[in-house]
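J.: Have a look at this one before I ask anything.
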Amino acid sequence: MIKLLPNELFENIPFLENPVYEQIINDISLKNYSIIDDFFPSETVFKLRQSLLEKHEADRFKKAAIGNRLNETIIKSIRGDQILWIDETLSNDAELLFFDRINDLVTYLNKTCFMGILQKEFHYALYPKDTFYKRHIDTFINDDRRKLSIVCYLNEEDWKPENGGELVLYLNDNGIETENVIYPFPGRIVIFESQIIEHEVKPVETERLSITGWLKTR
């Protein structure tokens with residue numbers, strides 16, 4: 001859980017004046033997730049989408065597995081996406097734009113909320129038609145460092161709800177489970193607490209593109 005600190009601790013500190021980051025902090029503090037449209041400008045989304053498609057065309061993606069990298073198992077009945085991990089140190093121009101924005105957010109979170117985020121990991125994700133990812137949570141028995149999960153959608157500008165691939169967050173409201181259905185519109189980013197919120201990706205009717213990753217503590 002993100003904890004807000006007393007306002008008087010931050011008087012006259014200019015880096016607090018980012019309204020988008022403040023919305024993310026407030027959202028997660030209140031409900032454990034945040035949805036921000038146009039977190040990345042359309043030009044950046046276009047460049048990232050082209051980067052993903054070019055690397056997929058070059059056959060660099062692999063079928064995604066369940067479990068972490070120490071204990072991976074490919075089970076098509078649970079998830080069907082294809083992924084490619086992104087190495088920030090080898091990033092192309094589009095990926096640098098992505099990491100510049102994410103790193104700025106991480107710095108802000110660490111300064112304002114003392115979150116202690118020290119690592120991050122991100123990958124491209126492509127869901128072919130008729131694939132999905134069953135309900136799950138983003139932490140592991142042997143690794144609980146993931147603090148915040150982040151999904152950035154790279155779909156085409158004319159993406160429609162009937163294309164499928166919705167992200168469903170399963171929430172607990174005073175002991176009653178509710179579902180929040182989120183459509184993967186381009187430029188939209190979803191951030192949620194990795195250790196709290198179970199979620200799934202509904203079956204895809206049209207190829208679905210994104211960058212998915214995690215901000216991690218020690």
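Letters A, B, ... go to the chains of the structure tokens in the order shown; residues in each chain start at 1; ligands are counted from 1 in the same order.
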So that I can see what lies close to Arg218 in chain A, please list as an mmCIF file with N, CA and C atoms, in the first residue's frame the residues with an atom at most 9 Å from it, counting only C-alpha atoms and leaving out residues fewer than 5 positions away in the same chain.
T.:
```cif
data_model
loop_
_atom_site.group_PDB
_atom_site.id
_atom_site.type_symbol
_atom_site.label_atom_id
_atom_site.label_comp_id
_atom_site.auth_asym_id
_atom_site.auth_seq_id
_atom_site.Cartn_x
_atom_site.Cartn_y
_atom_site.Cartn_z
ATOM 1 N N GLY A 116 10.986 2.762 -2.067
ATOM 2 C CA GLY A 116 12.155 1.893 -2.121
ATOM 3 C C GLY A 116 12.227 1.040 -3.369
ATOM 4 N N ILE A 117 11.743 1.574 -4.483
ATOM 5 C CA ILE A 117 11.819 0.834 -5.748
ATOM 6 C C ILE A 117 13.257 0.897 -6.258
ATOM 7 N N LEU A 118 13.862 -0.262 -6.413
ATOM 8 C CA LEU A 118 15.265 -0.338 -6.812
ATOM 9 C C LEU A 118 15.466 -1.012 -8.162
ATOM 10 N N GLN A 119 14.480 -1.769 -8.601
ATOM 11 C CA GLN A 119 14.607 -2.499 -9.854
ATOM 12 C C GLN A 119 13.309 -2.431 -10.635
ATOM 13 N N ARG A 145 9.306 -9.523 -4.501
ATOM 14 C CA ARG A 145 9.855 -8.180 -4.676
ATOM 15 C C ARG A 145 8.977 -7.274 -5.534
#
```
J.: Residues at most 9 Å from Tyr183 in chain A, counting only C-alpha atoms, excluding those fewer than 3 positions away in the same chain, as a list in words?
T.: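 Final neighbour list, sorted by chain and number: Lys160, Pro161, Gly164, Gly165, Glu166, Leu167, Val168 and Arg188 of chain A.
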J.: May I have the residues within 10 Å of range 54-60 of chain A as a JSON list (two decimals) with N, CA and C atoms, in the first residue's frame, using only C-alpha atoms and disregarding those fewer than 4 positions away in the same chain?
T.:
```json
[["chain", "number", "residue", "atom", "x", "y", "z"],
["A", 48, "LEU", "N", 6.66, 2.76, -30.25],
["A", 48, "LEU", "CA", 6.77, 1.52, -29.49],
["A", 48, "LEU", "C", 6.03, 0.38, -30.18],
["A", 49, "ARG", "N", 4.88, 0.68, -30.78],
["A", 49, "ARG", "CA", 4.13, -0.34, -31.49],
["A", 49, "ARG", "C", 4.95, -0.85, -32.68],
["A", 50, "GLN", "N", 5.59, 0.06, -33.42],
["A", 50, "GLN", "CA", 6.42, -0.34, -34.55],
["A", 50, "GLN", "C", 7.61, -1.16, -34.09],
["A", 82, "GLN", "N", 2.76, -14.04, -26.27],
["A", 82, "GLN", "CA", 4.16, -14.15, -26.63],
["A", 82, "GLN", "C", 4.88, -12.91, -26.12],
["A", 83, "ILE", "N", 6.10, -13.08, -25.63],
["A", 83, "ILE", "CA", 6.77, -11.95, -24.98],
["A", 83, "ILE", "C", 8.22, -11.81, -25.45],
["A", 84, "LEU", "N", 8.75, -10.62, -25.22],
["A", 84, "LEU", "CA", 10.17, -10.34, -25.44],
["A", 84, "LEU", "C", 10.62, -9.37, -24.37],
["A", 85, "TRP", "N", 11.56, -9.80, -23.50],
["A", 85, "TRP", "CA", 12.06, -8.93, -22.45],
["A", 85, "TRP", "C", 12.84, -7.77, -23.05],
["A", 124, "TYR", "N", 7.77, -6.71, -23.90],
["A", 124, "TYR", "CA", 6.70, -6.60, -24.87],
["A", 124, "TYR", "C", 5.79, -7.82, -24.71],
["A", 125, "ALA", "N", 4.51, -7.63, -24.98],
["A", 125, "ALA", "CA", 3.57, -8.75, -24.96],
["A", 125, "ALA", "C", 2.64, -8.67, -26.16],
["A", 126, "LEU", "N", 2.53, -9.77, -26.87],
["A", 126, "LEU", "CA", 1.62, -9.85, -28.02],
["A", 126, "LEU", "C", 0.68, -11.03, -27.79]]
```
J.: Mind pulling up the distance from CA of Tyr133 in chain A to CA of Glu200 in chain A?
T.: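 Taking CA of Glu200 in chain A and CA of Tyr133 in chain A, their separation equals 5.5 Å.
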J.: Check chain A with DSSP on the backbone and list each residue it calls helix (DSSP H, G or I), as number ranges by chain.
T.: A: 7-10, 14-16, 19-31, 42-57, 88-90, 93-113, 161-163
J.: May I have the residues from that selection written out with C-alpha atoms, as a short mmCIF file (atom, residue, chain, number, x, y, z; two decimals), in the first residue's frame?
T.:
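File out.cif, as written:
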```
data_model
loop_
_atom_site.label_atom_id
_atom_site.label_comp_id
_atom_site.auth_asym_id
_atom_site.auth_seq_id
_atom_site.Cartn_x
_atom_site.Cartn_y
_atom_site.Cartn_z
CA ASN A 7 1.80 17.79 3.28
CA GLU A 8 3.93 19.95 5.55
CA LEU A 9 6.91 17.71 4.86
CA PHE A 10 6.87 18.74 1.21
CA PRO A 14 8.65 21.67 -6.80
CA PHE A 15 8.84 18.01 -7.82
CA LEU A 16 5.48 17.42 -6.11
CA PRO A 19 -0.61 16.12 -11.32
CA VAL A 20 -0.48 12.81 -13.22
CA TYR A 21 1.88 11.22 -10.72
CA GLU A 22 -0.15 12.61 -7.85
CA GLN A 23 -3.28 11.04 -9.33
CA ILE A 24 -1.50 7.68 -9.52
CA ILE A 25 -0.42 7.96 -5.89
CA ASN A 26 -3.88 8.97 -4.70
CA ASP A 27 -5.61 6.27 -6.73
CA ILE A 28 -3.38 3.48 -5.44
CA SER A 29 -3.66 4.77 -1.89
CA LEU A 30 -7.44 4.68 -2.08
CA LYS A 31 -8.17 1.61 -4.24
CA SER A 42 0.45 9.04 -29.46
CA GLU A 43 3.82 9.54 -31.19
CA THR A 44 5.58 7.46 -28.53
CA VAL A 45 2.88 4.79 -28.65
CA PHE A 46 3.27 4.58 -32.44
CA LYS A 47 7.07 4.18 -32.18
CA LEU A 48 6.77 1.52 -29.49
CA ARG A 49 4.13 -0.34 -31.49
CA GLN A 50 6.42 -0.34 -34.55
CA SER A 51 9.33 -1.53 -32.42
CA LEU A 52 7.25 -4.40 -31.03
CA LEU A 53 5.99 -5.46 -34.47
CA GLU A 54 9.45 -5.29 -36.05
CA LYS A 55 10.95 -7.49 -33.33
CA HIS A 56 8.04 -9.90 -33.52
CA GLU A 57 8.46 -10.09 -37.30
CA GLU A 88 17.06 -0.97 -20.89
CA THR A 89 20.82 -0.81 -21.54
CA LEU A 90 20.23 -1.94 -25.15
CA ASP A 93 15.02 5.22 -29.47
CA ALA A 94 11.39 4.27 -28.83
CA GLU A 95 12.25 2.20 -25.77
CA LEU A 96 14.38 5.03 -24.37
CA LEU A 97 11.30 7.27 -24.47
CA PHE A 98 9.43 4.60 -22.53
CA PHE A 99 12.12 4.17 -19.88
CA ASP A 100 12.67 7.92 -19.50
CA ARG A 101 9.03 8.31 -18.49
CA ILE A 102 9.00 5.24 -16.24
CA ASN A 103 12.25 6.25 -14.52
CA ASP A 104 10.82 9.70 -13.88
CA LEU A 105 7.77 8.10 -12.25
CA VAL A 106 9.97 5.82 -10.14
CA THR A 107 12.04 8.77 -8.91
CA TYR A 108 8.86 10.62 -7.99
CA LEU A 109 7.40 7.65 -6.11
CA ASN A 110 10.61 7.06 -4.19
CA LYS A 111 10.95 10.72 -3.20
CA THR A 112 7.34 11.30 -2.22
CA CYS A 113 6.31 7.91 -0.83
CA PRO A 161 -14.04 -2.87 -27.22
CA GLU A 162 -15.31 -5.76 -29.35
CA ASN A 163 -11.67 -6.61 -30.16
#
```
